[in-house]
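Below you'll find the structure, written out as structure tokens, and then a few comments.
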Amino acid sequence: MIEKTENIRKSFKERIEQARMPADLEQMRIDFLGKKGQIADLMNELRNVPNEKKKEAGQRINEIKQAIEAEIQKKTAELIKAEELRQVQMAEAYDESMPIGINAGSYHPITLVQREVEEIFRTMGFAVEDYYEITDDYNCFEALNIPKHHPARDMQDTYYLSTGQLLKTQTSAAQNMILKKYKKDLEAGMPLRAIFPGRCFRNEKIDACHENTFFQMEGMMVDKDISISNLIYFMKTMLSEVFQQDITVRLRPGFFPFVEPGFELDIQCLICGGDGCPSCKNSGWLELCPCGMIHPNVLSEGGIDPEKYTGFAFGLGMTRLAMMKYGVKDIRVFNGCNLKSLSQFTDKSFTVPEDKEA
Ligand code: FA5
């Protein structure tokens with residue numbers, strides 16, 4: 001009888017370790033505790049045990065019966081809990097609204113270049129500002145010393161809304177707002193240093209280096225005693241950081257009513273190496289970043305005293321910069337929506353591969 005009890009204990013232990021489902025445990029309950037189960041067999045055999053040992057044998061059977069009941073109950077609860085958890089995890093893991101097999105996409109090359117230039121200016125203490133795409137005649141022209149009927153407007157025809165507003169032709173349209181915003185800081189002794197990237201629109205004859213929708217990044221620095229040497233220093237630093245390679249630049253006089261003196265900063269075309277190609281209109285040079293000292297009228301219009309403060313401004317052609325960076329021969333690629341072309345611009349290298357077709 002003792003041996004049989006121990007055998008039951010042993011076989012129960014083995015089976016409960018292997019039990020994986022509540023149904024396995026139910027079968028064990030029948031096999032061990034059921035009417036015709038192994039414990040019932042033992043109870044039957046109790047009849048044959050001598051009277052003086054019956055009590056002890058009965059106690060042992062009771063002990064093992066209770067232990068088996070408790071074990072089955074405990075393991076059943078554990079398995080039910082594990083199953084519930086599994087169901088929850090499965091429900092959470094499956095989201096029928098998730099698209100299947102769609103590529104995550106990549107950043108547009110203009111975004112990549114813009115972020116890179118922003119970072120360069122941030123490290124030089126410039127704040128990054130934002131501005132509207134729809135603005136008005138005052139901000140886009142008049143506040144920039146370009147009164148109505150000024151010939152400089154001819155270069156920047158744009159799209160007008162029935163409200164009288166217009167799509168901004170240049171990031172310079174934000175200059176007046178920026179001057180007003182930073183006036184107090186300036187007067188408290190903090191120089192104004194801000195860049196403001198943005199999309200510009202012009203009613204333009206489109207070719208390999210002109211689009212009707214393109215990006216610029218404007219920059220301004222205003223403080224006491226800002227001079228052309230500061231302007232040249234920042235332009236040089238920016239270009240060497242952006243290109244990370246030797247490039248040939250030229251600075252020549254340029255006319256913009258909102259700067260005096262004004263300059264055109266051109267870079268030698270990186271597509272043809274200066275020989276002349278459609279990307280640079282066969283001149284070997286690309287107008288990239290006009291700049292100059294902010295005109296006193298523009299400072300006054302922004303509430304800044306031109307007798308006390310001076311400053312410089314520049315307007316970097318971001319789309320053209322992206323052309324040079326990635327060796328894109330035709331500016332129209334950027335607005336072309338051709339994913340095959342656009343998704344390849346992910347590297348950070350500024351080298352222009354020999355025969356890279358965009
Ligand atoms: C301006 O827009 C002035 N606001 C820049 C400026 C700012 C001058 C501050 C002085 C002080 P411009 O029209 O040249 O200037 O344009 C500036 C740059 O934008 C150009 O050198 C060129 O790189 C880019 N750009 C101009 N028009 C287009 C176009 N249609 N397509 C692509 N890029 C263009």
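Quick note on naming: the chains in the structure tokens go A, B, ... in the order shown, residues restart at 1 in each chain, and ligands are numbered from 1 in order of appearance.
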Hey, which residues come within 6 Å of ligand 1 if we count only C-alpha atoms and all ligand atoms? Could you give them as a list in words? Gln170, Ser172, Glu204, Cys209, His210, Glu211, Asn212, Phe214, Gln216, Phe256, Val259, Glu287, Leu288, Cys289, Pro290, Cys291, Gly292, Ala313, Phe314, Gly315, Leu316, Gly317, Thr319 and Arg320 of chain A
What does the file look like for those residues with C-alpha atoms, as a JSON list (two decimals), in the first residue's frame?
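Result went into out-v3.json, see below:
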[["chain", "number", "residue", "atom", "x", "y", "z"],
["A", 170, "GLN", "CA", 11.44, 85.73, -51.05],
["A", 172, "SER", "CA", 13.16, 88.49, -47.00],
["A", 204, "GLU", "CA", 8.98, 82.36, -63.39],
["A", 209, "CYS", "CA", 17.90, 76.19, -62.56],
["A", 210, "HIS", "CA", 14.62, 78.13, -62.14],
["A", 211, "GLU", "CA", 11.42, 76.83, -60.57],
["A", 212, "ASN", "CA", 8.16, 78.61, -59.76],
["A", 214, "PHE", "CA", 11.63, 76.86, -54.51],
["A", 216, "GLN", "CA", 15.42, 79.94, -49.64],
["A", 256, "PHE", "CA", 18.59, 94.76, -53.86],
["A", 259, "VAL", "CA", 20.58, 96.23, -48.66],
["A", 287, "GLU", "CA", 23.90, 82.60, -58.06],
["A", 288, "LEU", "CA", 23.58, 81.07, -54.62],
["A", 289, "CYS", "CA", 23.47, 83.56, -51.78],
["A", 290, "PRO", "CA", 22.90, 87.26, -52.37],
["A", 291, "CYS", "CA", 23.62, 89.34, -49.31],
["A", 292, "GLY", "CA", 24.45, 92.82, -48.04],
["A", 313, "ALA", "CA", 21.20, 89.90, -44.32],
["A", 314, "PHE", "CA", 21.53, 87.07, -46.82],
["A", 315, "GLY", "CA", 19.15, 84.95, -48.88],
["A", 316, "LEU", "CA", 20.55, 81.48, -49.50],
["A", 317, "GLY", "CA", 19.03, 79.60, -52.46],
["A", 319, "THR", "CA", 17.02, 74.46, -53.80],
["A", 320, "ARG", "CA", 20.10, 75.40, -55.78]]
If we count only C-alpha atoms, what is near A:His295 at a cut-off of 7 Å, once residues fewer than 4 positions away on the same chain are taken out, given as a list in words?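 What passes the distance filter is Phe258, Val259, Glu260 and Leu299 of chain A.
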Take the residues that were just selected and, keeping N, CA, C and O atoms, output them as a compact mmCIF listing (two decimals), in the first residue's frame.
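And here is the file that came out, again.txt:
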# COMPACT_ATOMS: atom_id res chain seq x y z
N PHE A 258 16.78 96.49 -50.43
CA PHE A 258 16.77 96.38 -48.96
C PHE A 258 18.16 96.20 -48.37
O PHE A 258 18.30 95.99 -47.15
N VAL A 259 19.21 96.25 -49.19
CA VAL A 259 20.58 96.23 -48.66
C VAL A 259 21.42 97.32 -49.32
O VAL A 259 21.18 97.70 -50.46
N GLU A 260 22.39 97.80 -48.58
CA GLU A 260 23.29 98.82 -49.13
C GLU A 260 24.61 98.79 -48.37
O GLU A 260 24.60 99.12 -47.18
N LEU A 299 15.67 98.92 -41.45
CA LEU A 299 15.81 98.89 -39.98
C LEU A 299 14.76 99.80 -39.34
O LEU A 299 14.05 99.39 -38.41
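Proximity ranking of A:Ile304, A:Leu46, A:Leu79, A:Met98 relative to A:Leu25 places A:Leu79 first, based on only C-alpha atoms.
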Proximity to A:Pro278 - best of A:Arg86, A:Lys329, A:Lys10, A:Lys55, only C-alpha atoms: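 Among the listed residues, the smallest separation from A:Pro278 belongs to A:Lys329.
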Using only C-alpha atoms, find each residue in stretch 234-311 of chain A having at least one atom no more than 12 Å away from stretch 186-191 of chain A; report its shortest atom-to-atom pair and that distance in Å (one decimal), rows by chain then rising number, as JSON lines.
{"residue": "A:Gly303", "atom": "CA", "partner": "A:Glu187", "partner_atom": "CA", "distance": 10.9}
{"residue": "A:Ile304", "atom": "CA", "partner": "A:Leu186", "partner_atom": "CA", "distance": 8.8}
{"residue": "A:Asp305", "atom": "CA", "partner": "A:Glu187", "partner_atom": "CA", "distance": 9.8}
{"residue": "A:Lys308", "atom": "CA", "partner": "A:Glu187", "partner_atom": "CA", "distance": 9.9}
{"residue": "A:Tyr309", "atom": "CA", "partner": "A:Leu186", "partner_atom": "CA", "distance": 9.1}
{"residue": "A:Thr310", "atom": "CA", "partner": "A:Pro191", "partner_atom": "CA", "distance": 10.4}
{"residue": "A:Gly311", "atom": "CA", "partner": "A:Pro191", "partner_atom": "CA", "distance": 9.6}
List as a ChimeraX atom specification the protein and nucleic acid residues near stretch 63-67 of chain A, meaning an atom at most 8 Å away when only C-alpha atoms are counted, but skip any in the same chain fewer than 3 places from it. /A:5,9,33,39,59-60,70-71
Going by DSSP on the backbone, which residues of stretch 175-287 of chain A come out as strand (DSSP E or B)? List them as number ranges by chain. A: 192-201, 207, 210, 213-223, 249-253, 259-268, 285-287
Å distance separating atom CA of A:Tyr159 from atom CA of A:Ile331, one decimal place: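 Going from atom CA of A:Tyr159 over to atom CA of A:Ile331, I get 20.3 Å.
For the set A:Met124, A:Leu342, A:Met238, A:Ala173, the residue with the smallest atom-to-atom gap to A:Arg193 is A:Met124, counting only C-alpha atoms.
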